[in-house]
Amino acid sequence: MSDTVTAAHSADPASPDRAVARRVAVAAFVGTAMEWYDFFLFTTAAAVVFNVQYFVSDNALTATMASFATLAVGFVARPVGALLFGWLGDRVGRKRVLMTTIVGIGVATVLIGLLPSYATIGVAAPIMLASLRFLQGLCVGGEWGGAVTIAAENAPAASRAVYASVPQLGSPVGTVLSSGAFFLCSVLLTKESFDAWGWRIPFLLALPMLAISVVIRRQLEESPAFKALQEEDTVAEAPLRQVFRRDWRQLLIGTAVMFIGAGGFYLVTTFVISYGQRVLGLSSSLLLLATVIAAVVEIPVIVSGGRLGQRYGSSRVVIGGALATMLLAFPVFWAIGTANPIVVVVAITVAVAAVSYPYAVAGAVLTSLFPAQVRYSGVAVSSNFAGLLSGCVPLVATAILTRTGDTLWPSAAILVLIGAIALVGGVLTPRYSVHEAGLKH
C-alpha cells in the first residue's frame with residue numbers, strides 16, 4: 001500500500017483541541033494503568049506465589065511451569081477478547097466498550113485475591129484460578145487497543161504520536177504499583193504470613209483502584225472519528241472480516257511491533273524473577289525491587305520515545321529500539337548470570353529500557369496501520385496476537401533451561417529473535433501505514 005490515501009483509508013476528520021485530547025489521554029492512561037496493575041500482579045504472583053499455593057508438586061520446576069501455564073491462559077484469552085471487544089468498539093463505539101473492559105478486569109482481580117488455595121478446596125482452586133485468569137485476559141484483550149485508539153483519535157494530528165504514547169505509561173505505572181505492593185508485603189511480613197495471606201493484599205487493592213478508574217473513565221469523550229462514521233452512516237458492518245481479508249499484512253506488522261514491548265519485557269522480568277530465585281539463589285525481594293526500579297526508569301523512556309516518534313517518525317524509533325535490544329541481549333543475560341545483586345538490577349533496568357522504546361510508539365504505529373472503520377479491531381487483534389506469543393515466552397524459556405543445564409545463553413538468543421521480529425515490523429511500517437497528516441512513519 002502506498003502513502004496515497006484511498007477512499008477506504010481516508011484521513012480522520014479534524015481532531016478536537018488539546019484540552020479535550022489531554023482529558024481523554026488521562027482517562028485512557030488511568031484505565032491502562034489499572035489494566036497493567038492487575039495483569040502484572042498475576043504475572044508476579046505466578047513466579048513467586050501460585051506455584052506454591054495452587055500447584056502442588058514435589059518438583060519445584062514442574063510447579064513453576066504449571067504456574068506459568070496458567071499465566072499463559074490469560075494470553076490465550078486476550079485474542080478472544082480482542083475479537084469480541086474490537087468488533088464491539090468498531091460497531092457501537094470506543095467509550096462504551098472501555099467501560100466494560102475495565103470493570104471486568106477489576107472484578108476478576110479482586111476475586112483472585114479472595115480465592116481459596118489448593119490446601120483448602122483442592123483441585124477446584126487451580127481450575128478457578130485459571131478461569132478467573134481467562135476472564136481477566138478476555139477483558140484485557142479489548143482494553144489497551146481501545147485506550148490507544150480513543151487517545152489517538154481525540155488527539156490533534158500534529159501531536160498524535162505523543163498523545164498515543166500516554167496510555168503506554170500505564171504499563172510502567174502498573175508495574176511499579178503491582179511489584180511495589182508485592183515488594184512491600186514481602187518485606188513487612190514474615191515469609192509464613194506472606195505465603196499464607198499477605199500475597200492477597202495487592203489483589204484486593206484493585207477494588208479501590210477500580211472505583212477510581214470508573215469515575216475518571218466516565219468522563220471520556222467519544223472520538224471525532226467514530227462520531228463522523230455514525231453521522232455519515234459508514235460504520236463497518238463486519239469490521240473483523242474486513243481486517244482479516246484486506247488488512248492482514250497490517251495485522252502481522254502490528255503484531256511484530258508489539259511483540260518486543262510485551263515478549264521482551266516478560267522475558268527480562270517474569271522469567272528472570274523465577275530463574276533468579278530458583279537457579280541463582282537471589283531473593284524475591286531483590287528481584288521485585290529490580291522490576292520496580294526498571295519500571296520507574298521506563299516512565300521517562302516512554303515519554304522521550306513518544307517525543308522522538310513525533311519528531312523523527314515512529315517506525316524509526318521501533319527500528320532503533322529493536323537494534324539496541326539485539327545488541328544488548330547477550331551482555332544483559334551475562335550480567336544477570338553473575339548473580340551480583342547490583343549488576344542484576346542494572347541489567348534488568350537496561351533491558352527494560354531498550355524494549356520500551358518500541359513500546360512507547362506502538363500506539364502511534366498501530367493506529368496508523370488501520371482506517372477508522374476497523375481501527376479498534378485492527379489495533380486490538382494485532383496487539384493481542386503479540387500478547388499471546390508473549391505469554392508463552394517465560395514458559396518456553398523455562399522449558400529450554402531443562403535441556404541446556406540452566407544456562408542463560410538461549411534466553412539471550414530468544415531476546416535477539418524478538419528484537420529481529422520487531423525490526424522487520426519497523427522497516428515495513430511506512431509501506432503499509434494509512435497516511436494521516438501530522439503522523440510521520
# chains A, B, ... in the order shown; residues from 1 in each chain; ligands from 1
call {"tool": "closest_atom_pairs", "arguments": {"of": "range 243-332 of chain A", "to": "range 342-352 of chain A", "cutoff": "8 Å", "atoms": "only C-alpha atoms", "output": "tab-separated table"}}
result
residue	atom	partner	partner_atom	distance
A:Gly264	CA	A:Val352	CA	7.8
A:Phe265	CA	A:Val352	CA	6.1
A:Val268	CA	A:Ile348	CA	6.2
A:Thr269	CA	A:Ile348	CA	7.1
A:Leu287	CA	A:Val345	CA	7.5
A:Ala290	CA	A:Val345	CA	4.8
A:Thr291	CA	A:Ile348	CA	7.2
A:Ile293	CA	A:Thr349	CA	6.8
A:Ala294	CA	A:Thr349	CA	4.2
A:Ala295	CA	A:Val352	CA	7.6
A:Val297	CA	A:Thr349	CA	7.2
A:Glu298	CA	A:Val352	CA	7.0
A:Thr325	CA	A:Ala351	CA	7.0
A:Leu328	CA	A:Ala351	CA	7.2
A:Ala329	CA	A:Ala351	CA	7.5
A:Val332	CA	A:Ala347	CA	5.2
call {"tool": "write_last_selection", "arguments": {"atoms": "all heavy atoms", "output": "short mmCIF file (atom, residue, chain, number, x, y, z; two decimals), in the first residue's frame"}}
result
data_model
loop_
_atom_site.label_atom_id
_atom_site.label_comp_id
_atom_site.auth_asym_id
_atom_site.auth_seq_id
_atom_site.Cartn_x
_atom_site.Cartn_y
_atom_site.Cartn_z
N GLY A 264 9.54 -9.20 25.12
CA GLY A 264 10.84 -8.85 25.67
C GLY A 264 10.76 -8.50 27.14
O GLY A 264 11.61 -8.88 27.94
N PHE A 265 9.70 -7.78 27.50
CA PHE A 265 9.52 -7.37 28.90
C PHE A 265 9.33 -8.59 29.80
O PHE A 265 9.95 -8.69 30.86
CB PHE A 265 8.32 -6.43 29.01
CG PHE A 265 8.07 -5.95 30.41
CD1 PHE A 265 8.69 -4.81 30.89
CD2 PHE A 265 7.20 -6.63 31.25
CE1 PHE A 265 8.47 -4.37 32.19
CE2 PHE A 265 6.97 -6.20 32.54
CZ PHE A 265 7.60 -5.06 33.02
N VAL A 268 12.64 -10.54 30.43
CA VAL A 268 13.65 -9.96 31.33
C VAL A 268 13.07 -9.60 32.70
O VAL A 268 13.81 -9.10 33.55
CB VAL A 268 14.30 -8.71 30.69
CG1 VAL A 268 15.00 -9.09 29.40
CG2 VAL A 268 13.28 -7.62 30.44
N THR A 269 11.79 -9.87 32.92
CA THR A 269 11.23 -9.64 34.26
C THR A 269 10.67 -10.95 34.83
O THR A 269 11.28 -11.54 35.72
CB THR A 269 10.13 -8.56 34.22
OG1 THR A 269 9.11 -8.92 33.25
CG2 THR A 269 10.71 -7.21 33.87
N LEU A 287 14.66 -9.16 43.44
CA LEU A 287 14.21 -9.22 42.05
C LEU A 287 12.98 -8.36 41.82
O LEU A 287 12.84 -7.73 40.76
CB LEU A 287 13.95 -10.68 41.67
CG LEU A 287 15.21 -11.56 41.66
CD1 LEU A 287 14.84 -13.03 41.62
CD2 LEU A 287 16.10 -11.19 40.47
N ALA A 290 14.17 -4.85 41.64
CA ALA A 290 14.76 -4.59 40.33
C ALA A 290 13.68 -4.26 39.30
O ALA A 290 13.84 -3.36 38.47
CB ALA A 290 15.56 -5.80 39.87
N THR A 291 12.57 -4.98 39.38
CA THR A 291 11.46 -4.72 38.46
C THR A 291 10.87 -3.34 38.70
O THR A 291 10.51 -2.63 37.75
CB THR A 291 10.38 -5.80 38.63
OG1 THR A 291 10.95 -7.09 38.41
CG2 THR A 291 9.24 -5.59 37.63
N ILE A 293 12.43 -0.69 39.99
CA ILE A 293 13.40 0.31 39.51
C ILE A 293 13.34 0.40 37.99
O ILE A 293 13.34 1.50 37.41
CB ILE A 293 14.82 -0.06 39.98
CG1 ILE A 293 14.92 0.08 41.50
CG2 ILE A 293 15.86 0.83 39.30
CD1 ILE A 293 16.23 -0.41 42.07
N ALA A 294 13.29 -0.74 37.32
CA ALA A 294 13.23 -0.75 35.86
C ALA A 294 11.96 -0.05 35.36
O ALA A 294 11.99 0.69 34.38
CB ALA A 294 13.27 -2.18 35.34
N ALA A 295 10.84 -0.28 36.05
CA ALA A 295 9.58 0.34 35.65
C ALA A 295 9.62 1.85 35.86
O ALA A 295 9.06 2.62 35.06
CB ALA A 295 8.43 -0.27 36.44
N VAL A 297 12.29 3.74 35.64
CA VAL A 297 13.10 4.24 34.53
C VAL A 297 12.32 4.21 33.22
O VAL A 297 12.50 5.06 32.35
CB VAL A 297 14.40 3.41 34.41
CG1 VAL A 297 15.18 3.78 33.16
CG2 VAL A 297 15.27 3.60 35.65
N GLU A 298 11.42 3.24 33.10
CA GLU A 298 10.64 3.09 31.87
C GLU A 298 9.73 4.29 31.62
O GLU A 298 9.43 4.62 30.46
CB GLU A 298 9.79 1.82 31.95
CG GLU A 298 9.08 1.46 30.65
CD GLU A 298 8.23 0.21 30.79
OE1 GLU A 298 8.10 -0.32 31.92
OE2 GLU A 298 7.69 -0.24 29.77
N THR A 325 18.05 -3.55 21.44
CA THR A 325 17.70 -4.77 22.17
C THR A 325 18.56 -5.94 21.71
O THR A 325 19.06 -6.72 22.53
CB THR A 325 16.21 -5.10 21.97
OG1 THR A 325 15.42 -4.03 22.50
CG2 THR A 325 15.84 -6.40 22.68
N LEU A 328 22.15 -5.60 22.98
CA LEU A 328 22.29 -5.69 24.44
C LEU A 328 21.93 -7.06 24.99
O LEU A 328 22.22 -7.35 26.17
CB LEU A 328 21.41 -4.63 25.11
CG LEU A 328 21.85 -3.18 24.95
CD1 LEU A 328 20.73 -2.24 25.43
CD2 LEU A 328 23.13 -2.92 25.74
N ALA A 329 21.30 -7.91 24.20
CA ALA A 329 20.74 -9.16 24.71
C ALA A 329 21.77 -10.03 25.43
O ALA A 329 21.58 -10.41 26.59
CB ALA A 329 20.08 -9.95 23.57
N VAL A 332 23.36 -8.37 28.59
CA VAL A 332 22.40 -8.30 29.68
C VAL A 332 22.28 -9.65 30.40
O VAL A 332 22.34 -9.71 31.65
CB VAL A 332 21.02 -7.85 29.15
CG1 VAL A 332 19.90 -8.23 30.13
CG2 VAL A 332 21.01 -6.34 28.93
#
call {"tool": "residues_around", "arguments": {"residues": "Ser368 in chain A", "least_positions_apart": "3", "cutoff": "6 Å", "atoms": "only C-alpha atoms", "output": "JSON, numbers by chain"}}
result
{"A": [365, 433, 434]}
call {"tool": "closest_residue", "arguments": {"among": "A:Leu135, A:Ala130, A:Ala152, A:Leu169", "to": "Val30 in chain A", "atoms": "only C-alpha atoms"}}
result
A:Leu169
call {"tool": "closest_atom_pairs", "arguments": {"of": "range 309-370 of chain A", "to": "range 300-303 of chain A", "cutoff": "12 Å", "atoms": "only C-alpha atoms", "output": "CSV"}}
result
residue,atom,partner,partner_atom,distance
A:Gly309,CA,A:Val303,CA,10.0
A:Gln310,CA,A:Val303,CA,11.0
A:Val317,CA,A:Ile302,CA,11.0
A:Gly321,CA,A:Val301,CA,10.9
A:Thr349,CA,A:Val301,CA,11.2
A:Val350,CA,A:Val301,CA,10.8
A:Ala351,CA,A:Val301,CA,11.9
A:Val352,CA,A:Val301,CA,9.6
A:Ala353,CA,A:Val301,CA,6.5
A:Ala354,CA,A:Val301,CA,8.8
A:Val355,CA,A:Val301,CA,9.9
A:Ser356,CA,A:Ile302,CA,6.5
A:Tyr357,CA,A:Ile302,CA,6.2
A:Pro358,CA,A:Ile302,CA,8.8
A:Tyr359,CA,A:Ile302,CA,7.5
A:Ala360,CA,A:Ile302,CA,4.7
A:Val361,CA,A:Ile302,CA,8.0
A:Ala362,CA,A:Ile302,CA,10.4
A:Gly363,CA,A:Ile302,CA,11.3
call {"tool": "closest_residue", "arguments": {"among": "A:Gly122, A:Gly81, A:Gly86, A:Pro371", "to": "Cys139 in chain A", "atoms": "only C-alpha atoms"}}
result
A:Gly81
call {"tool": "residues_around", "arguments": {"residues": "Arg133 in chain A", "least_positions_apart": "2", "cutoff": "8 Å", "atoms": "only C-alpha atoms", "output": "PDB file with N, CA and C atoms, in the first residue's frame"}}
result
ATOM      1  N   THR A  70      -0.663 -21.329  33.623  1.00  0.00           N
ATOM      2  CA  THR A  70      -1.850 -20.554  33.992  1.00  0.00           C
ATOM      3  C   THR A  70      -1.685 -19.105  33.552  1.00  0.00           C
ATOM      4  N   LEU A  71      -0.462 -18.591  33.678  1.00  0.00           N
ATOM      5  CA  LEU A  71      -0.174 -17.249  33.183  1.00  0.00           C
ATOM      6  C   LEU A  71      -0.493 -17.160  31.692  1.00  0.00           C
ATOM      7  N   VAL A  73      -2.690 -18.778  30.085  1.00  0.00           N
ATOM      8  CA  VAL A  73      -4.136 -18.821  29.845  1.00  0.00           C
ATOM      9  C   VAL A  73      -4.673 -17.420  29.577  1.00  0.00           C
ATOM     10  N   GLY A  74      -4.181 -16.454  30.344  1.00  0.00           N
ATOM     11  CA  GLY A  74      -4.628 -15.080  30.142  1.00  0.00           C
ATOM     12  C   GLY A  74      -4.268 -14.559  28.768  1.00  0.00           C
ATOM     13  N   ALA A 108     -12.331  -9.460  38.210  1.00  0.00           N
ATOM     14  CA  ALA A 108     -11.584 -10.720  38.155  1.00  0.00           C
ATOM     15  C   ALA A 108     -10.394 -10.687  39.107  1.00  0.00           C
ATOM     16  N   LEU A 129      -8.738 -20.552  39.490  1.00  0.00           N
ATOM     17  CA  LEU A 129      -7.706 -19.558  39.200  1.00  0.00           C
ATOM     18  C   LEU A 129      -7.538 -19.383  37.694  1.00  0.00           C
ATOM     19  N   ALA A 130      -7.494 -20.487  36.977  1.00  0.00           N
ATOM     20  CA  ALA A 130      -7.359 -20.418  35.519  1.00  0.00           C
ATOM     21  C   ALA A 130      -8.577 -19.748  34.882  1.00  0.00           C
ATOM     22  N   SER A 131      -9.769 -20.005  35.440  1.00  0.00           N
ATOM     23  CA  SER A 131     -10.998 -19.404  34.907  1.00  0.00           C
ATOM     24  C   SER A 131     -10.998 -17.890  35.096  1.00  0.00           C
ATOM     25  N   LEU A 135     -10.984 -14.797  32.316  1.00  0.00           N
ATOM     26  CA  LEU A 135     -11.861 -13.623  32.309  1.00  0.00           C
ATOM     27  C   LEU A 135     -11.044 -12.343  32.294  1.00  0.00           C
ATOM     28  N   GLN A 136     -10.008 -12.309  33.099  1.00  0.00           N
ATOM     29  CA  GLN A 136      -9.134 -11.141  33.142  1.00  0.00           C
ATOM     30  C   GLN A 136      -8.503 -10.897  31.774  1.00  0.00           C
ATOM     31  N   GLY A 137      -7.973 -11.961  31.179  1.00  0.00           N
ATOM     32  CA  GLY A 137      -7.354 -11.834  29.865  1.00  0.00           C
ATOM     33  C   GLY A 137      -8.337 -11.431  28.786  1.00  0.00           C
TER      34      GLY A 137
END
call {"tool": "atom_distance", "arguments": {"atom1": "CA of Ile201 in chain A", "atom2": "CA of Val279 in chain A"}}
result
27.8 Å
call {"tool": "select_by_dssp", "arguments": {"residues": "range 192-304 of chain A", "states": "helix (DSSP H, G or I)", "output": "PyMOL selection string"}}
result
chain A and resi 192-198+200-204+206-217+224-231+239-246+248-278+284-304
call {"tool": "atom_distance", "arguments": {"atom1": "CA of Ala364 in chain A", "atom2": "CA of Glu222 in chain A"}}
result
18.4 Å
call {"tool": "closest_residue", "arguments": {"among": "A:Gly113, A:Gly281, A:Gly141, A:Pro224", "to": "Phe203 in chain A", "atoms": "only C-alpha atoms"}}
result
A:Gly113
call {"tool": "atom_distance", "arguments": {"atom1": "CA of Ala119 in chain A", "atom2": "CA of Leu132 in chain A"}}
result
18.6 Å
call {"tool": "closest_residue", "arguments": {"among": "A:Leu366, A:Val97, A:Ala420, A:Ala413", "to": "Arg249 in chain A", "atoms": "only C-alpha atoms"}}
result
A:Leu366
call {"tool": "closest_residue", "arguments": {"among": "A:Leu288, A:Leu428, A:Ala262, A:Ala211", "to": "Ala181 in chain A", "atoms": "only C-alpha atoms"}}
result
A:Leu288
call {"tool": "residues_around", "arguments": {"residues": "range 230-242 of chain A", "least_positions_apart": "2", "cutoff": "7 Å", "atoms": "only C-alpha atoms", "output": "PDB file with N, CA and C atoms, in the first residue's frame"}}
result
ATOM      1  N   TRP A  87     -14.595  -5.834  17.771  1.00  0.00           N
ATOM      2  CA  TRP A  87     -15.806  -5.777  16.943  1.00  0.00           C
ATOM      3  C   TRP A  87     -16.817  -4.809  17.551  1.00  0.00           C
ATOM      4  N   ASP A  90     -15.786  -1.089  17.169  1.00  0.00           N
ATOM      5  CA  ASP A  90     -15.994  -0.529  15.830  1.00  0.00           C
ATOM      6  C   ASP A  90     -17.463  -0.471  15.442  1.00  0.00           C
ATOM      7  N   ARG A  91     -18.305  -1.159  16.210  1.00  0.00           N
ATOM      8  CA  ARG A  91     -19.735  -1.162  15.907  1.00  0.00           C
ATOM      9  C   ARG A  91     -20.538  -0.183  16.772  1.00  0.00           C
ATOM     10  N   PHE A 226     -15.075   8.277  15.222  1.00  0.00           N
ATOM     11  CA  PHE A 226     -16.220   7.378  15.297  1.00  0.00           C
ATOM     12  C   PHE A 226     -17.532   8.147  15.161  1.00  0.00           C
ATOM     13  N   LYS A 227     -17.594   9.359  15.727  1.00  0.00           N
ATOM     14  CA  LYS A 227     -18.791  10.181  15.566  1.00  0.00           C
ATOM     15  C   LYS A 227     -19.057  10.470  14.087  1.00  0.00           C
ATOM     16  N   ALA A 228     -17.973  10.744  13.353  1.00  0.00           N
ATOM     17  CA  ALA A 228     -18.124  11.013  11.924  1.00  0.00           C
ATOM     18  C   ALA A 228     -18.628   9.785  11.173  1.00  0.00           C
ATOM     19  N   PHE A 244      -9.323  -8.962   8.493  1.00  0.00           N
ATOM     20  CA  PHE A 244      -8.617 -10.185   8.129  1.00  0.00           C
ATOM     21  C   PHE A 244      -8.493 -10.364   6.617  1.00  0.00           C
ATOM     22  N   ARG A 245      -9.443  -9.838   5.865  1.00  0.00           N
ATOM     23  CA  ARG A 245      -9.393 -10.002   4.413  1.00  0.00           C
ATOM     24  C   ARG A 245      -8.504  -8.963   3.741  1.00  0.00           C
ATOM     25  N   ARG A 246      -8.635  -7.709   4.173  1.00  0.00           N
ATOM     26  CA  ARG A 246      -7.943  -6.635   3.470  1.00  0.00           C
ATOM     27  C   ARG A 246      -6.667  -6.176   4.169  1.00  0.00           C
ATOM     28  N   GLN A 373     -12.725   2.911  10.317  1.00  0.00           N
ATOM     29  CA  GLN A 373     -13.827   1.944  10.332  1.00  0.00           C
ATOM     30  C   GLN A 373     -13.472   0.652  11.069  1.00  0.00           C
ATOM     31  N   VAL A 374     -12.211   0.265  11.034  1.00  0.00           N
ATOM     32  CA  VAL A 374     -11.802  -1.013  11.635  1.00  0.00           C
ATOM     33  C   VAL A 374     -10.625  -0.833  12.586  1.00  0.00           C
ATOM     34  N   SER A 377     -10.667  -2.795  16.025  1.00  0.00           N
ATOM     35  CA  SER A 377     -10.450  -4.227  15.784  1.00  0.00           C
ATOM     36  C   SER A 377      -9.005  -4.504  15.387  1.00  0.00           C
TER      37      SER A 377
END
call {"tool": "closest_residue", "arguments": {"among": "A:Ala399, A:Ala386, A:Leu111, A:Leu369", "to": "Asp247 in chain A", "atoms": "only C-alpha atoms"}}
result
A:Leu369
call {"tool": "residues_around", "arguments": {"residues": "Arg307 in chain A", "least_positions_apart": "4", "cutoff": "8 Å", "atoms": "only C-alpha atoms", "output": "ChimeraX atom specification"}}
result
/A:161-162,303,311
call {"tool": "write_last_selection", "arguments": {"atoms": "N, CA, C and O atoms", "output": "compact mmCIF listing (two decimals), in the first residue's frame"}}
result
# COMPACT_ATOMS: atom_id res chain seq x y z
N ALA A 161 1.42 11.29 17.85
CA ALA A 161 2.36 10.30 18.37
C ALA A 161 2.59 10.47 19.86
O ALA A 161 2.74 9.49 20.59
N VAL A 162 2.62 11.72 20.32
CA VAL A 162 2.82 11.99 21.74
C VAL A 162 1.61 11.52 22.55
O VAL A 162 1.75 10.82 23.56
N VAL A 303 8.09 8.51 27.70
CA VAL A 303 7.84 9.93 27.38
C VAL A 303 8.78 10.39 26.28
O VAL A 303 8.35 11.02 25.29
N ARG A 311 8.89 13.48 16.37
CA ARG A 311 9.88 14.29 15.66
C ARG A 311 10.51 13.57 14.47
O ARG A 311 10.71 14.15 13.40
call {"tool": "residues_around", "arguments": {"residues": "Asn384 in chain A", "least_positions_apart": "2", "cutoff": "8 Å", "atoms": "only C-alpha atoms", "output": "mmCIF file with N, CA and C atoms, in the first residue's frame"}}
result
data_model
loop_
_atom_site.group_PDB
_atom_site.id
_atom_site.type_symbol
_atom_site.label_atom_id
_atom_site.label_comp_id
_atom_site.auth_asym_id
_atom_site.auth_seq_id
_atom_site.Cartn_x
_atom_site.Cartn_y
_atom_site.Cartn_z
ATOM 1 N N PHE A 75 -3.111 -14.963 28.282
ATOM 2 C CA PHE A 75 -2.692 -14.513 26.960
ATOM 3 C C PHE A 75 -3.459 -15.220 25.854
ATOM 4 N N ARG A 78 -6.670 -13.286 25.581
ATOM 5 C CA ARG A 78 -6.588 -11.923 25.063
ATOM 6 C C ARG A 78 -7.000 -11.790 23.595
ATOM 7 N N PRO A 79 -6.552 -12.672 22.687
ATOM 8 C CA PRO A 79 -7.024 -12.547 21.309
ATOM 9 C C PRO A 79 -8.538 -12.736 21.180
ATOM 10 N N ALA A 82 -9.926 -9.545 22.143
ATOM 11 C CA ALA A 82 -9.668 -8.578 21.077
ATOM 12 C C ALA A 82 -10.699 -8.701 19.962
ATOM 13 N N GLY A 141 -7.946 -8.028 26.639
ATOM 14 C CA GLY A 141 -7.861 -8.095 25.190
ATOM 15 C C GLY A 141 -8.512 -6.923 24.481
ATOM 16 N N THR A 255 1.567 -6.863 15.010
ATOM 17 C CA THR A 255 1.972 -7.918 15.940
ATOM 18 C C THR A 255 3.479 -7.898 16.152
ATOM 19 N N ALA A 380 -6.582 -3.893 18.386
ATOM 20 C CA ALA A 380 -6.787 -4.883 19.442
ATOM 21 C C ALA A 380 -6.307 -6.264 19.029
ATOM 22 N N VAL A 381 -6.631 -6.679 17.809
ATOM 23 C CA VAL A 381 -6.253 -8.023 17.364
ATOM 24 C C VAL A 381 -4.742 -8.149 17.223
ATOM 25 N N SER A 382 -4.096 -7.190 16.569
ATOM 26 C CA SER A 382 -2.649 -7.302 16.372
ATOM 27 C C SER A 382 -1.896 -7.216 17.692
ATOM 28 N N ALA A 386 0.260 -10.429 19.593
ATOM 29 C CA ALA A 386 1.581 -10.269 20.193
ATOM 30 C C ALA A 386 1.554 -10.684 21.657
ATOM 31 N N GLY A 387 0.468 -10.346 22.351
ATOM 32 C CA GLY A 387 0.335 -10.740 23.747
ATOM 33 C C GLY A 387 0.275 -12.241 23.921
ATOM 34 N N LEU A 388 -0.403 -12.926 23.000
ATOM 35 C CA LEU A 388 -0.485 -14.380 23.053
ATOM 36 C C LEU A 388 0.905 -15.003 22.939
#
call {"tool": "residues_around", "arguments": {"residues": "Gly170 in chain A", "least_positions_apart": "2", "cutoff": "9 Å", "atoms": "only C-alpha atoms", "output": "count of residues only"}}
result
17
